[in-house]
>>> print(open('query.txt').read())   # compact mmCIF, C-alpha atoms
# COMPACT_ATOMS: atom_id res chain seq x y z
CA MET T 19 38.37 19.33 1.53
CA ILE T 20 36.29 16.18 1.50
CA GLU T 21 37.64 13.00 3.04
CA VAL T 22 35.95 9.62 2.91
CA ARG T 23 37.45 6.72 4.83
CA GLY T 24 36.24 3.13 4.73
CA LEU T 25 32.71 4.26 3.95
CA ALA T 26 30.10 1.49 3.96
CA LYS T 27 26.34 1.57 3.65
CA TYR T 28 24.03 -1.42 3.86
CA PHE T 29 20.33 -1.48 3.02
CA GLY T 30 19.29 -4.79 4.53
CA ARG T 31 21.18 -7.42 2.53
CA PHE T 32 22.14 -4.99 -0.22
CA THR T 33 25.54 -3.35 0.07
CA ALA T 34 25.61 0.07 -1.58
CA LEU T 35 29.09 1.10 -0.42
CA ARG T 36 31.84 -1.28 0.64
CA GLY T 37 34.69 0.55 2.40
CA LEU T 38 35.06 3.42 -0.07
CA ASN T 39 38.07 5.74 0.31
CA LEU T 40 38.24 9.15 -1.35
CA ARG T 41 39.99 12.46 -0.87
CA VAL T 42 38.78 15.54 -2.71
CA ALA T 43 40.88 18.71 -2.69
CA ASP T 44 39.28 22.16 -2.63
CA GLY T 45 38.32 23.32 -6.11
CA GLU T 46 38.44 19.83 -7.68
CA PHE T 47 35.73 18.72 -10.11
CA ILE T 48 35.09 15.01 -9.87
CA ALA T 49 32.84 12.99 -12.14
CA LEU T 50 31.49 9.81 -10.58
CA PHE T 51 30.56 7.08 -13.02
CA GLY T 52 29.10 3.64 -12.46
CA ARG T 53 26.14 1.37 -13.05
CA ASN T 54 22.76 1.94 -11.45
CA GLY T 55 23.10 0.81 -7.84
CA ALA T 56 26.90 1.17 -7.85
CA GLY T 57 26.73 3.52 -4.84
CA LYS T 58 27.09 6.99 -6.43
CA THR T 59 23.86 8.44 -5.07
CA THR T 60 24.45 6.84 -1.67
CA LEU T 61 27.88 8.47 -1.48
CA LEU T 62 26.44 11.88 -2.39
CA ARG T 63 23.56 11.51 0.09
CA ILE T 64 25.97 10.65 2.89
CA LEU T 65 28.17 13.63 2.02
CA ALA T 66 25.08 15.84 1.97
CA GLY T 67 24.13 14.63 5.45
CA LEU T 68 20.92 13.05 4.21
CA SER T 69 21.95 9.53 5.15
CA HIS T 70 24.11 7.99 7.87
CA PRO T 71 26.90 5.58 6.89
CA SER T 72 26.74 2.05 8.27
CA ALA T 73 30.52 2.17 8.80
CA GLY T 74 33.42 4.48 8.05
CA LYS T 75 33.54 8.23 8.03
CA ALA T 76 32.87 11.08 5.62
CA THR T 77 34.09 14.52 6.63
CA ILE T 78 33.74 17.83 4.87
CA GLN T 79 35.99 20.73 5.80
CA PRO T 80 35.13 23.81 3.78
CA ALA T 81 38.06 26.01 2.78
CA GLY T 82 37.05 28.83 5.13
CA GLY T 83 36.70 26.52 8.14
CA VAL T 84 33.17 26.32 9.45
CA VAL T 85 31.56 25.13 12.67
CA PRO T 86 30.47 21.50 11.93
CA ARG T 87 26.81 22.35 12.51
CA TYR T 88 26.91 24.84 9.63
CA VAL T 89 28.76 22.63 7.14
CA ARG T 90 25.43 22.00 5.38
CA GLY T 91 25.39 25.70 4.58
CA CYS T 92 28.51 25.22 2.44
CA ILE T 93 26.91 22.49 0.35
CA GLY T 94 24.59 22.81 -2.62
CA TYR T 95 22.85 19.54 -3.50
CA LEU T 96 21.13 19.06 -6.82
CA SER T 97 19.56 15.79 -7.88
CA HIS T 98 16.80 14.76 -10.28
CA ASN T 99 14.44 15.51 -7.36
CA THR T 100 13.99 19.25 -7.67
CA SER T 101 12.93 19.89 -4.02
CA LEU T 102 10.49 22.50 -5.33
CA TYR T 103 6.91 23.07 -4.15
CA VAL T 104 4.84 22.77 -7.31
CA ASP T 105 1.93 24.84 -5.95
CA LEU T 106 4.19 27.82 -5.29
CA THR T 107 5.64 30.15 -7.89
CA ALA T 108 9.37 30.30 -8.66
CA LEU T 109 9.66 33.48 -6.65
CA GLU T 110 7.79 32.00 -3.66
CA ASN T 111 9.96 28.86 -3.74
CA LEU T 112 13.18 30.86 -3.71
CA ARG T 113 11.83 33.25 -1.06
CA PHE T 114 10.98 30.30 1.20
CA TYR T 115 14.47 28.79 0.91
CA ALA T 116 16.09 32.24 1.24
CA GLN T 117 14.17 32.83 4.48
CA LEU T 118 15.40 29.52 5.91
CA LEU T 119 18.96 30.25 4.80
CA GLY T 120 18.88 33.71 6.35
CA LEU T 121 19.40 35.40 2.96
CA PRO T 122 17.71 38.56 1.67
CA THR T 123 14.14 37.90 0.57
CA ASP T 124 13.54 41.03 -1.47
CA ASP T 125 12.40 40.71 -5.06
CA ASN T 126 15.63 42.24 -6.45
CA PHE T 127 17.86 39.57 -4.91
CA LEU T 128 15.54 36.74 -5.90
CA MET T 129 14.97 38.07 -9.42
CA GLN T 130 18.74 38.16 -9.98
CA ARG T 131 18.84 34.43 -9.20
CA ILE T 132 15.89 33.73 -11.44
CA ASP T 133 17.51 35.74 -14.21
CA GLN T 134 20.75 33.76 -13.83
CA VAL T 135 18.92 30.56 -14.70
CA GLY T 136 17.01 32.16 -17.57
CA LEU T 137 13.51 32.07 -16.08
CA THR T 138 12.74 35.79 -16.15
CA GLY T 139 9.13 36.37 -17.15
CA ARG T 140 7.97 33.07 -15.63
CA GLU T 141 8.72 33.91 -11.99
CA GLN T 142 5.03 34.33 -11.06
CA ASP T 143 3.96 31.02 -12.63
CA PRO T 144 3.32 28.05 -10.35
CA VAL T 145 6.13 25.52 -10.71
CA ARG T 146 3.46 22.93 -11.62
CA ASN T 147 3.19 24.67 -15.01
CA TYR T 148 6.93 24.45 -15.72
CA SER T 149 8.50 21.94 -18.09
CA ARG T 150 10.97 19.43 -16.64
CA GLY T 151 13.89 21.49 -17.95
CA MET T 152 12.56 24.71 -16.41
CA GLN T 153 12.04 22.96 -13.08
CA GLN T 154 15.63 21.72 -13.17
CA ARG T 155 16.86 25.27 -13.86
CA LEU T 156 14.91 26.55 -10.90
CA ALA T 157 16.21 23.65 -8.81
CA LEU T 158 19.72 24.79 -9.70
CA ALA T 159 18.88 28.34 -8.58
CA ARG T 160 17.55 26.86 -5.32
CA ALA T 161 20.62 24.67 -4.78
CA VAL T 162 23.09 27.54 -5.27
CA LEU T 163 21.00 30.30 -3.67
CA HIS T 164 23.48 30.59 -0.78
CA ASP T 165 26.51 30.43 -3.10
CA PRO T 166 27.87 27.17 -1.61
CA GLU T 167 31.54 26.20 -1.85
CA ILE T 168 30.77 22.56 -2.55
CA LEU T 169 28.35 21.29 -5.18
CA LEU T 170 27.02 17.75 -4.94
CA LEU T 171 25.27 16.89 -8.18
CA ASP T 172 23.34 13.68 -8.68
CA GLU T 173 22.52 13.18 -12.36
CA PRO T 174 21.86 16.90 -12.80
CA PHE T 175 21.38 16.60 -16.59
CA THR T 176 18.44 14.19 -16.27
CA GLY T 177 15.47 15.37 -18.31
CA LEU T 178 17.17 18.49 -19.66
CA ASP T 179 16.79 19.44 -23.31
CA GLN T 180 19.78 20.63 -25.33
CA PRO T 181 19.55 24.34 -24.35
CA GLY T 182 19.00 23.37 -20.70
CA SER T 183 21.91 20.97 -20.86
CA ASP T 184 24.16 23.61 -22.46
CA PHE T 185 23.12 26.09 -19.79
CA LEU T 186 23.95 23.70 -16.94
CA LYS T 187 27.27 22.81 -18.57
CA ARG T 188 28.21 26.49 -18.82
CA TYR T 189 27.14 27.07 -15.24
CA LEU T 190 29.21 24.16 -13.91
CA LEU T 191 32.32 25.18 -15.84
CA GLN T 192 31.92 28.70 -14.50
CA ALA T 193 31.44 27.40 -10.94
CA HIS T 194 34.55 25.22 -11.30
CA SER T 195 36.68 28.06 -12.62
CA GLY T 196 35.37 30.13 -9.70
CA GLY T 197 37.01 27.64 -7.34
CA LYS T 198 34.00 25.59 -6.29
CA THR T 199 34.44 21.93 -5.45
CA CYS T 200 32.12 19.72 -7.50
CA LEU T 201 31.20 16.05 -7.15
CA MET T 202 28.90 14.94 -9.92
CA ALA T 203 27.33 11.52 -10.47
CA ILE T 204 26.75 11.09 -14.19
CA HIS T 205 26.09 8.33 -16.73
CA ASP T 206 27.23 10.21 -19.83
CA ALA T 207 30.95 9.39 -20.02
CA GLN T 208 31.71 12.04 -22.63
CA LEU T 209 29.97 14.85 -20.75
CA GLY T 210 31.57 13.81 -17.48
CA PHE T 211 34.99 13.70 -19.13
CA GLU T 212 34.41 17.13 -20.66
CA LEU T 213 33.49 18.79 -17.36
CA ALA T 214 35.58 17.11 -14.69
CA ASP T 215 39.28 17.09 -13.95
CA ARG T 216 39.17 13.79 -12.08
CA LEU T 217 37.24 10.71 -13.13
CA ILE T 218 36.15 8.03 -10.70
CA VAL T 219 34.28 4.86 -11.61
CA ILE T 220 32.46 3.26 -8.70
CA ASP T 221 31.73 -0.42 -8.99
CA LYS T 222 30.15 -2.59 -6.32
CA GLY T 223 30.59 0.10 -3.71
CA VAL T 224 34.29 0.82 -4.18
CA ALA T 225 36.30 3.12 -6.45
CA ALA T 226 37.32 0.76 -9.25
CA LEU T 227 39.01 3.52 -11.26
CA ASP T 228 40.38 6.88 -10.16
CA LEU T 229 42.07 8.88 -12.93
CA ALA T 230 43.23 12.45 -13.44
CA LYS T 231 41.89 13.76 -16.73
CA SER T 232 45.12 15.55 -17.57
CA SER T 233 46.90 12.22 -17.93
CA LEU T 234 44.69 10.71 -20.64
CA SER T 235 42.52 11.28 -23.72
CA PHE T 236 38.81 10.49 -23.84
CA SER T 237 39.36 7.32 -25.91
CA GLU T 238 41.89 6.03 -23.38
CA PHE T 239 39.51 6.79 -20.53
CA LYS T 240 36.62 5.16 -22.40
CA LYS T 241 38.62 1.96 -22.86
CA GLN T 242 39.33 1.69 -19.16
CA TYR T 243 35.78 2.75 -18.28
CA ASP T 244 34.27 0.09 -20.57
CA ARG T 245 36.53 -2.56 -19.09
CA VAL T 246 35.25 -1.80 -15.59
CA MET T 247 31.65 -1.58 -16.73
CA GLN T 248 31.72 -4.97 -18.48
CA MET Z 27 11.26 32.07 15.09
CA THR Z 28 11.61 33.36 11.51
CA LYS Z 29 12.36 29.83 10.32
CA ILE Z 30 9.31 28.41 12.10
CA TRP Z 31 7.23 31.20 10.62
CA ALA Z 32 8.67 30.50 7.11
CA VAL Z 33 7.68 26.81 7.27
CA PHE Z 34 4.24 27.67 8.68
CA ARG Z 35 3.65 30.42 6.09
CA LYS Z 36 4.67 28.11 3.24
CA ASP Z 37 2.23 25.38 4.37
CA LEU Z 38 -0.51 27.96 4.78
CA LEU Z 39 0.14 29.42 1.32
CA ILE Z 40 0.03 25.99 -0.32
CA GLU Z 41 -3.18 25.14 1.56
CA LEU Z 42 -4.82 28.41 0.58
CA ARG Z 43 -4.01 27.57 -3.04
CA THR Z 44 -4.93 23.87 -3.10
CA LYS Z 45 -7.31 23.47 -0.13
CA ASP Z 46 -6.45 19.74 -0.26
CA THR Z 47 -5.95 19.18 3.46
CA LEU Z 48 -8.79 21.30 4.84
CA ASN Z 49 -11.34 19.99 2.33
CA SER Z 50 -10.56 16.36 3.06
CA MET Z 51 -10.50 16.94 6.83
CA LEU Z 52 -13.81 18.77 6.78
CA PHE Z 53 -15.53 16.33 4.47
CA PHE Z 54 -14.46 13.34 6.55
CA GLY Z 55 -15.29 15.01 9.86
CA VAL Z 56 -18.76 16.04 8.72
CA VAL Z 57 -19.46 12.54 7.36
CA VAL Z 58 -18.58 11.10 10.80
CA LEU Z 59 -20.99 13.58 12.43
CA VAL Z 60 -23.76 12.72 9.95
CA ILE Z 61 -23.34 9.01 10.70
CA PHE Z 62 -23.56 9.62 14.45
CA SER Z 63 -26.53 11.92 13.95
CA PHE Z 64 -28.47 9.16 12.18
CA ALA Z 65 -27.26 6.34 14.41
CA LEU Z 66 -28.34 8.20 17.56
CA ALA Z 67 -31.51 9.72 16.13
CA SER Z 68 -33.70 7.93 18.67
CA LEU Z 69 -31.74 9.55 21.53
CA ARG Z 70 -32.10 13.08 20.18
CA GLU Z 71 -33.76 14.40 23.34
CA SER Z 72 -31.01 13.13 25.62
CA ILE Z 73 -28.05 13.31 23.24
CA ARG Z 74 -26.08 16.00 25.11
CA PRO Z 75 -23.95 13.58 27.27
CA ALA Z 76 -22.79 11.77 24.10
CA VAL Z 77 -21.75 14.92 22.21
CA PRO Z 78 -18.23 15.28 23.73
CA GLY Z 79 -17.30 11.76 22.61
CA ILE Z 80 -18.84 12.24 19.17
CA LEU Z 81 -17.02 15.53 18.70
CA TRP Z 82 -13.60 14.21 19.63
CA VAL Z 83 -14.01 11.09 17.49
CA ALA Z 84 -14.69 13.39 14.52
CA PHE Z 85 -11.79 15.70 15.47
CA ALA Z 86 -9.35 12.80 15.90
CA PHE Z 87 -10.29 11.05 12.64
CA SER Z 88 -10.22 14.18 10.53
CA GLY Z 89 -7.04 15.37 12.27
CA THR Z 90 -5.30 12.10 11.40
CA LEU Z 91 -6.23 12.67 7.77
CA GLY Z 92 -4.68 16.14 7.94
CA LEU Z 93 -1.51 14.88 9.61
CA ASN Z 94 -1.12 12.25 6.90
CA ARG Z 95 -1.03 15.06 4.33
CA MET Z 96 1.49 17.18 6.27
CA PHE Z 97 4.56 15.21 5.26
CA ALA Z 98 3.16 13.43 2.21
CA SER Z 99 3.28 16.78 0.38
CA GLU Z 100 6.90 17.22 1.45
CA LYS Z 101 7.84 13.91 -0.18
CA GLU Z 102 6.63 15.13 -3.57
CA ASN Z 103 9.65 16.23 -5.65
CA GLY Z 104 11.96 15.50 -2.71
CA CYS Z 105 11.03 18.72 -0.88
CA LEU Z 106 11.83 17.11 2.45
CA GLN Z 107 15.34 16.45 1.17
CA GLY Z 108 15.64 20.15 0.29
CA LEU Z 109 14.60 21.09 3.82
CA LEU Z 110 16.99 18.63 5.44
CA MET Z 111 19.90 20.05 3.45
CA LEU Z 112 19.47 23.45 5.03
CA PRO Z 113 21.80 24.51 7.86
CA ILE Z 114 18.93 25.09 10.28
CA ASP Z 115 17.76 23.51 13.48
CA ARG Z 116 15.35 20.82 12.30
CA GLY Z 117 13.21 21.69 15.27
CA ALA Z 118 12.12 24.72 13.26
CA ILE Z 119 10.65 22.36 10.66
CA TYR Z 120 8.89 20.44 13.44
CA PHE Z 121 7.38 23.52 15.07
CA GLY Z 122 6.44 25.09 11.71
CA LYS Z 123 4.65 21.92 10.66
CA MET Z 124 3.03 21.49 14.06
CA LEU Z 125 1.76 25.05 13.99
CA ALA Z 126 0.29 24.59 10.50
CA ALA Z 127 -1.37 21.29 11.52
CA THR Z 128 -2.80 22.99 14.63
CA VAL Z 129 -4.29 25.85 12.61
CA PHE Z 130 -5.81 23.48 10.01
CA MET Z 131 -7.27 21.30 12.76
CA LEU Z 132 -8.68 24.24 14.72
CA ILE Z 133 -10.37 25.65 11.60
CA SER Z 134 -11.96 22.30 10.79
CA GLU Z 135 -12.90 21.75 14.47
CA LEU Z 136 -14.74 25.07 14.64
CA ILE Z 137 -16.72 24.24 11.50
CA MET Z 138 -17.43 20.70 12.73
CA PHE Z 139 -18.55 22.09 16.07
CA ALA Z 140 -20.98 24.44 14.33
CA VAL Z 141 -22.32 21.49 12.32
CA THR Z 142 -22.70 19.51 15.58
CA LEU Z 143 -24.76 22.29 17.14
CA VAL Z 144 -27.13 22.15 14.16
CA PHE Z 145 -27.31 18.34 13.89
CA PHE Z 146 -27.89 17.76 17.60
CA ASN Z 147 -29.92 20.90 18.20
CA LEU Z 148 -27.66 22.23 20.95
CA THR Z 149 -27.42 25.74 22.32
CA VAL Z 150 -24.15 27.01 23.75
CA TRP Z 151 -23.14 30.61 24.44
CA HIS Z 152 -21.24 31.23 27.65
CA GLU Z 153 -19.56 27.79 27.31
CA ILE Z 154 -17.79 28.89 24.14
CA PRO Z 155 -14.61 30.42 25.70
CA TYR Z 156 -14.09 27.25 27.78
CA LEU Z 157 -14.67 25.04 24.77
CA ILE Z 158 -12.16 27.02 22.72
CA LEU Z 159 -9.58 26.54 25.49
CA VAL Z 160 -10.16 22.76 25.53
CA PHE Z 161 -10.09 22.54 21.73
CA LEU Z 162 -6.83 24.52 21.66
CA ILE Z 163 -4.98 22.49 24.29
CA GLY Z 164 -6.38 19.19 22.98
CA THR Z 165 -5.37 20.04 19.43
CA LEU Z 166 -1.87 21.16 20.46
CA GLY Z 167 -1.38 17.84 22.28
CA PHE Z 168 -2.68 15.95 19.24
CA THR Z 169 -0.41 17.74 16.76
CA ALA Z 170 2.64 17.72 19.08
CA VAL Z 171 2.71 13.92 18.86
CA GLY Z 172 1.05 13.65 15.45
CA THR Z 173 3.66 15.77 13.66
CA LEU Z 174 6.48 13.50 14.84
CA LEU Z 175 4.59 10.29 14.06
CA SER Z 176 3.54 11.64 10.66
CA ALA Z 177 7.23 12.22 9.86
CA ILE Z 178 7.94 8.60 10.85
CA ALA Z 179 5.00 7.19 8.89
CA VAL Z 180 5.77 9.12 5.70
CA ASN Z 181 8.89 7.02 5.08
CA THR Z 182 6.93 3.77 5.16
CA LYS Z 183 4.90 2.09 2.44
CA LEU Z 184 1.75 1.87 4.59
CA ARG Z 185 1.77 5.45 5.83
CA GLU Z 186 -2.02 6.04 5.70
CA VAL Z 187 -2.63 2.86 7.71
CA LEU Z 188 0.37 3.17 10.00
CA LEU Z 189 -0.24 6.69 11.30
CA PRO Z 190 -3.54 6.02 13.12
CA LEU Z 191 -2.15 2.73 14.44
CA ILE Z 192 0.79 4.43 16.15
CA LEU Z 193 -0.91 7.74 16.89
CA PHE Z 194 -4.10 6.76 18.73
CA PRO Z 195 -2.49 4.67 21.51
CA VAL Z 196 -0.06 7.52 22.27
CA ILE Z 197 -2.64 10.31 22.29
CA LEU Z 198 -5.17 8.37 24.35
CA PRO Z 199 -4.50 10.52 27.49
CA ILE Z 200 -5.21 13.67 25.44
CA LEU Z 201 -8.40 12.28 23.92
CA VAL Z 202 -9.76 10.91 27.21
CA ASN Z 203 -9.13 14.18 29.03
CA ALA Z 204 -10.42 16.30 26.15
CA VAL Z 205 -13.68 14.31 26.15
CA GLU Z 206 -13.86 14.65 29.94
CA ALA Z 207 -13.24 18.43 29.82
CA THR Z 208 -15.79 18.93 27.01
CA ASN Z 209 -18.28 16.86 29.00
CA ILE Z 210 -17.77 19.03 32.09
CA ILE Z 211 -18.37 22.19 30.02
CA LEU Z 212 -21.42 20.95 28.11
CA ASN Z 213 -23.12 18.87 30.77
CA THR Z 214 -22.16 19.97 34.29
CA SER Z 215 -21.01 23.60 34.08
CA ASP Z 216 -18.76 22.83 37.09
CA TYR Z 217 -15.83 24.73 35.66
CA GLY Z 218 -13.68 24.10 38.75
CA ALA Z 219 -13.57 20.43 37.74
CA LEU Z 220 -11.83 21.44 34.50
CA ARG Z 221 -8.55 21.92 36.33
CA LEU Z 222 -7.53 18.25 36.35
CA PRO Z 223 -8.17 17.36 32.68
CA LEU Z 224 -6.68 20.66 31.51
CA THR Z 225 -3.56 20.12 33.64
CA VAL Z 226 -3.11 16.58 32.34
CA MET Z 227 -3.53 17.79 28.74
CA THR Z 228 -1.10 20.68 29.21
CA VAL Z 229 1.55 18.52 30.88
CA PHE Z 230 1.12 15.88 28.16
CA THR Z 231 1.50 18.52 25.44
CA ILE Z 232 4.66 20.01 26.97
CA VAL Z 233 6.29 16.63 27.71
CA PHE Z 234 5.46 15.02 24.37
CA GLY Z 235 6.16 18.24 22.48
CA THR Z 236 9.67 18.34 24.00
CA ILE Z 237 10.30 14.64 23.32
CA SER Z 238 9.05 15.01 19.75
CA TYR Z 239 11.27 18.07 19.18
CA ILE Z 240 14.32 16.14 20.40
CA LEU Z 241 13.52 13.03 18.35
CA PHE Z 242 12.51 14.85 15.19
CA ASP Z 243 16.11 15.23 14.00
CA TYR Z 244 16.62 11.45 14.09
CA VAL Z 245 13.40 10.28 12.46
CA LEU Z 246 14.01 12.31 9.30
CA GLU Z 247 17.28 10.60 8.39
CA ASP Z 248 17.61 7.12 6.94
>>> encode(input="query.txt", output="C-alpha cells")
Amino acid sequence: MIEVRGLAKYFGRFTALRGLNLRVADGEFIALFGRNGAGKTTLLRILAGLSHPSAGKATIQPAGGVVPRYVRGCIGYLSHNTSLYVDLTALENLRFYAQLLGLPTDDNFLMQRIDQVGLTGREQDPVRNYSRGMQQRLALARAVLHDPEILLLDEPFTGLDQPGSDFLKRYLLQAHSGGKTCLMAIHDAQLGFELADRLIVIDKGVAALDLAKSSLSFSEFKKQYDRVMQ
Amino acid sequence: MTKIWAVFRKDLLIELRTKDTLNSMLFFGVVVLVIFSFALASLRESIRPAVPGILWVAFAFSGTLGLNRMFASEKENGCLQGLLMLPIDRGAIYFGKMLAATVFMLISELIMFAVTLVFFNLTVWHEIPYLILVFLIGTLGFTAVGTLLSAIAVNTKLREVLLPLILFPVILPILVNAVEATNIILNTSDYGALRLPLTVMTVFTIVFGTISYILFDYVLED
C-alpha cells in the first residue's frame, strides 16, 4: 500500500506539490495525468526515494511487509532516463545491476530477461548502438530485474515506436493482472485510460481529479480531464 | 564487498573501453610536467629539491580532472538515479567509486613519475618502495575526500570549476605532507623522518574517509 499525506515539495519559489493526499491499494494501476510541471514526476521521485519532500509524508508498505531499509527493493522505477551505461553491452548492464541486487548473474538468468524484452541477438552490442526504443526496452528489463511489487513509471512510452509501445502496453497489462501495483505518469489520455483502473489528474501540485475507471467511459473522462486542463 | 567490487569493476570496464578518464588525466599531467621542465630549465643541475612539489602539483591537477569524470559519467542517462534506486548501502557506491578513482590516479601517477625521471634526469632505485607507499597513501587521502566532493559538484552547473575550489583547501594537509614525504625520500634519505608525514596522511585518510562515507548518503539526494 502507498500512502501520501499532505505532500509538498518546493524548488526555491516554485511549488511542485502542494499538500497532495493519495492512497493506493495493493494491485491498483493508477494513471497520473497533468501538465508539464504539475508535480507528477516529483511525486514519483519522492515515492522512489530519490527526493525528499519539503513537507508531508509518503510511505510505502509492500504487501509482504518489508524492513523499511529494503523498501527500495520492492520498487521498479522506469522513466525516460534509461539508467543504462552506454559503453557497456546489454548483458553487462543487467549483470551489473543483478550483482548489486544480489540476483544470479549467470548468462541463463540474464538472457531470459533480455529475451522477455525482445532483445535476443543484440545482447553483446554496446547500448550506445541501440535505438531509443531498444534502450527503453532494456531499461524496462533493468527496472523489473528483481521482479518488484510496485512499478513507478514516469512517461515510459516516451520515444517508443509502435511495436515498442505495444510491447510495453502488453507488459504493463500482464504486470497488473499479476497483482503488481503501478503508478504511471502519462500525457496520452487514451492510453492511460486504457491501461489504468484509476485516473488521477494532478494540477498545481494537488489531485484535481481522482476517478475510478469502472464508473465512466473514455468520453466522460475526457470531458472532465479537458475541463481541468483548460 | 561484492557491491563495492561490482561498482569498481563496472568503472574499470567502461574505462578500459573508452579510456576517457585516463587519457585526459595523463595528457594534462604530462603537459604540467613539460611546462615545469621548460620553466626550470636553468636549474636543471639542482632541480632535485623542487621535484616533490612539481610531482604533486601534476598529480593533484590530473587527479581533479579524473574525479570530475567519476560522477559526470553517472549523470549520463540518469545512471546515478538507477544506482540510488537500489536497496544497497550507498557506502558501497562511495567505496567502489573511490577505489576506481584511486586505481586510475595511481596508474597515471606511475606514468607521470616515469616521465619526470626522464625530464629531470633523475635516478631512483632503492627509493621506489618508499615512493610507492607515499603515492598510495597520498592518493587514498585525495580520493577519499575527492569522491565525496565530486558527488556534490556533479549536481551543480559549474561542476568543473567548483570541484577544485572545494577540493584543494580540504586536501591541503594531504598535499603538504605528501610533498614533505616525497622530499624526504628523494633528497634526504632519512627514512625515519617519514613517520610524521605518513602518520598525518593516514589519519587524515581514515578520518575524512569515514566522514565522507557517512555524508555520502545525504549528498546524493536532492
>>> atom_distance(input="query.txt", atom1="atom CA of Z:Thr208", atom2="atom CA of Z:Leu189")
25.3 Å
>>> residues_around(input="query.txt", residues="T:Ala161", least_positions_apart="2", cutoff="10 Å", atoms="all atoms listed in the file", output="PyMOL selection string")
(chain T and resi 93-97+100-101+112+115+155-159+163-166+169-171) or (chain Z and resi 108+111-112)
>>> closest_residue(input="query.txt", among="Z:Thr128, Z:Ser50, Z:Gln107, Z:Thr169", to="chain T", atoms="all atoms listed in the file")
Z:Gln107
>>> residues_around(input="query.txt", residues="T:Ser195", least_positions_apart="2", cutoff="12 Å", atoms="all atoms listed in the file", output="number ranges by chain")
T: 44-47, 188-193, 197-200, 213-215
>>> residues_around(input="query.txt", residues="Z:Ile114", least_positions_apart="6", cutoff="12 Å", atoms="all atoms listed in the file", output="VMD selection string")
(chain T and resid 87 to 91 115 to 120) or (chain Z and resid 27 to 30 33 108 120 243)
>>> write_last_selection(input="query.txt", atoms="C-alpha atoms", output="tab-separated table (two decimals), in the frame of the given file")
chain	number	residue	atom	x	y	z
T	87	ARG	CA	26.81	22.35	12.51
T	88	TYR	CA	26.91	24.84	9.63
T	89	VAL	CA	28.76	22.63	7.14
T	90	ARG	CA	25.43	22.00	5.38
T	91	GLY	CA	25.39	25.70	4.58
T	115	TYR	CA	14.47	28.79	0.91
T	116	ALA	CA	16.09	32.24	1.24
T	117	GLN	CA	14.17	32.83	4.48
T	118	LEU	CA	15.40	29.52	5.91
T	119	LEU	CA	18.96	30.25	4.80
T	120	GLY	CA	18.88	33.71	6.35
Z	27	MET	CA	11.26	32.07	15.09
Z	28	THR	CA	11.61	33.36	11.51
Z	29	LYS	CA	12.36	29.83	10.32
Z	30	ILE	CA	9.31	28.41	12.10
Z	33	VAL	CA	7.68	26.81	7.27
Z	108	GLY	CA	15.64	20.15	0.29
Z	120	TYR	CA	8.89	20.44	13.44
Z	243	ASP	CA	16.11	15.23	14.00
>>> closest_residue(input="query.txt", among="Z:Ala219, Z:Val196, Z:Leu106, Z:Leu212", to="Z:Leu175", atoms="all atoms listed in the file")
Z:Val196
>>> interface_residues(input="query.txt", of="chain Z", to="chain T", cutoff="12 Å", atoms="all atoms listed in the file", output="PyMOL selection string")
chain Z and resi 27-46+99-116+118-119+122+243-248
>>> closest_residue(input="query.txt", among="Z:Val226, Z:Ile73, Z:Ala98, Z:Leu91", to="Z:Ala179", atoms="only C-alpha atoms")
Z:Ala98
>>> atom_distance(input="query.txt", atom1="atom CA of T:Ile168", atom2="atom CA of T:Leu217")
17.2 Å
>>> atom_distance(input="query.txt", atom1="atom CA of T:Leu178", atom2="atom CA of T:Ala230")
27.5 Å
